[in-house]
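**Q** Sending over a structure as structure tokens; questions will come in a sec.
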Amino acid sequence: MLFSVFMLAIRSIQRNLLRSFLTILGIVIGVSAVITMVTLGNGATQAVRAQISSLGSNLLLIRLGQRQGPGGGSSGIPQFKEADAISIIDEIGGIASVAPEGRAAVTVIGNGRNWATSVVGSTNPWFSIGNWTLASGRGFEEEEQTAGAAVCIIGETVRREIYGGTTGQTGLGEQLRIKQFSCSVVGILLSKGQGGMGFDQDDTVVVPLHTLQRRVTGTRTVPMLLVSMEDGTDSARVKRSLGELLRERRKLAESDDDNFNILDTQQIAEALSSTTKVMTTLLGAVAAVSLLVGGIGIMNIMLVSVTERTREIGLRLAIGALEREVLLQFLIEAVVLSALGGLIGIVIATAASWGLATIMSVPYLFNPGINLLSLLFSAGIGVVFGYFPARRAAQMNPIEALRHE
């Protein structure tokens with residue numbers, strides 16, 4: 001009996017294909033919009049986490065100033081010393097490595113070209129803290145670090161802009177001029193792409209810390225310390241210990257505010273991920289409104305269909321059809337329409353999500369849960385909005401229905 005009722009519903013839909021398609025258009029748009037928004041939101045969240053993670057593992061950034069952002073300037077505040085980094089690694093437990101970092105904006109010249117970039121001065125632990133890998137060449141030797149030798153390691157962007165157009169030349173072993181001195185390129189960094197704040201991580205030149213201090217900045221201090229914690233370490237405890245140690249080393253009185261701030265990149269990742277999730281939920285909720293609009297459209301068309309088929313309904317009831325069979329026929333018709341709209345919406349959303357993810361440079365993450373939920377929700381829309389027209393058809397008086405013109 002159920003199969004025969006189902007076939008009756010399918011034949012009714014086939015008789016008015018164009019009207020059926022227009023009826024489910026709202027469901028198609030709603031399902032595709034919801035799935036696309038959620039999929040792109042999940043991809044953006046994943047991209048944010050990956051970009052923050054590329055800055056370093058379990059990373060704490062110690063910077064000058066009371067806080068980040070407006071009003072937290074570092075003007076007039078004493079900078080950090082290399083001895084601060086040594087003291088941190090020696091006196092605080094749970095620390096994997098520490099690297100002082102100095103940075104300056106420069107224009108580098110090589111191979112008859114010039115390029116505006118930034119030069120970073122640090123020690124060898126800087127590479128492991130920042131998850132940097134050498135594509136070719138070598139790192140800095142201990143003697144080069146101590147003596148402040150004229151050697152450098154360049155990022156992929158600098159390599160491409162300075163040496164990329166020359167056949168057979170990779171930049172390794174070449175001379176690169178930074179301000180008033182020339183350095184020998186001893187290594188090429190593996191590309192990391194865009195960073196968490198939108199900057200190009202590969203647009204950099206790395207030199208030994210003492211090289212930067214003696215030949216570029218002319219100072220023995222640095223504005224930032226990078227601290228990598230061991231896996232499983234309580235970051236709150238480490239930050240508290242860092243604060244106490246640095247206050248002692250910077251000779252701050254109990255009444256003095258910190259003239260430095262400690263930033264946990266994991267907290268940044270969680271905050272940004274939380275923001276993207278909220279935006280994804282909001283956009284998904286807005287897109288879901290079109291599902292309700294589609295459900296109203298289905299109810300409207302089903303009511304029209306009941307009116308058009310009044311004589312057919314009366315005839316079926318007159319020859320012995322039960323009310324529940326008529327109810328089931330129109331209910332199945334509404335569910336089939338809405339479920340078909342859901343399936344078409346899933347196909348469109350898959351194609352749209354993949355294409356937009358490629359354009360936006362975020363990973364495409366297929367989420368079977370949201371696809372299944374959207375399909376079930378669209379079918380549920382058919383049940384909810386199809387019940388009233390179906391009930392109206394089932395409760396018709398056969399005699400009055402047969403008299404209908």
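Starting from 1 in every chain, residues are counted up; chains themselves are A, B, ... following the order of the structure tokens, and ligands are numbered from 1 as listed.
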Give me the residues within 7 Å of Pro208 (chain A) as a CSV table (one decimal) with C-alpha atoms, in the first residue's frame, counting only C-alpha atoms and dropping any in the same chain fewer than 5 places off.
**A**
chain,number,residue,atom,x,y,z
A,121,GLY,CA,68.7,38.7,13.7
A,122,SER,CA,68.5,35.8,16.1
A,123,THR,CA,70.2,32.6,17.3
A,145,GLN,CA,77.0,33.3,15.7
A,148,GLY,CA,78.7,38.1,14.0
**Q** Show me, as a PyMOL selection string, the residues that have an atom within 9 Å of Phe140 (chain A) when counting only C-alpha atoms, minus same-chain residues fewer than 3 positions from it.
**A** chain A and resi 123-124+143-145+151-153+186-187+207-208
**Q** DSSP says alpha helix (DSSP H) for which residues of region 85-319 of chain A? Put them as number ranges by chain?
**A** A: 85-91, 125-129, 142-147, 156-163, 209-212, 235-249, 265-308, 310-318
**Q** Could you list, as a PyMOL selection string, every residue within 10 Å of Leu365 (chain A), counting only C-alpha atoms and ignoring same-chain residues fewer than 3 positions away?
**A** chain A and resi 38-44+46+353-354+357+362+368
**Q** Keeping only C-alpha atoms, write the selected residues as a PDB file, in the first residue's frame.
**A**
ATOM      1  CA  VAL A  38      29.310  26.190   7.206  1.00  0.00           C
ATOM      2  CA  THR A  39      31.892  24.486   4.962  1.00  0.00           C
ATOM      3  CA  LEU A  40      33.708  27.738   4.172  1.00  0.00           C
ATOM      4  CA  GLY A  41      33.542  28.758   7.834  1.00  0.00           C
ATOM      5  CA  ASN A  42      35.142  25.479   8.909  1.00  0.00           C
ATOM      6  CA  GLY A  43      37.807  25.899   6.244  1.00  0.00           C
ATOM      7  CA  ALA A  44      38.541  29.457   7.404  1.00  0.00           C
ATOM      8  CA  GLN A  46      41.263  25.548   9.940  1.00  0.00           C
ATOM      9  CA  SER A 353      32.158  25.226  -1.583  1.00  0.00           C
ATOM     10  CA  TRP A 354      35.028  23.630  -3.481  1.00  0.00           C
ATOM     11  CA  ALA A 357      37.501  27.495  -1.045  1.00  0.00           C
ATOM     12  CA  VAL A 362      41.208  27.994   2.472  1.00  0.00           C
ATOM     13  CA  PRO A 368      29.098  14.736   6.246  1.00  0.00           C
TER      14      PRO A 368
END
**Q** How far is it from CA of Ile62 (chain A) to CA of Asn131 (chain A), in Å with one decimal?
**A**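 Taking CA of Ile62 (chain A) as the start and CA of Asn131 (chain A) as the end point, the length is 17.8 Å.
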**Q** For Ala287 (chain A), which residue among A:Ala104, A:Ala147, A:Ile370, A:Ile35 is the nearest when counting only C-alpha atoms?
**A**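 So, comparing all the options, the nearest one is A:Ile35.
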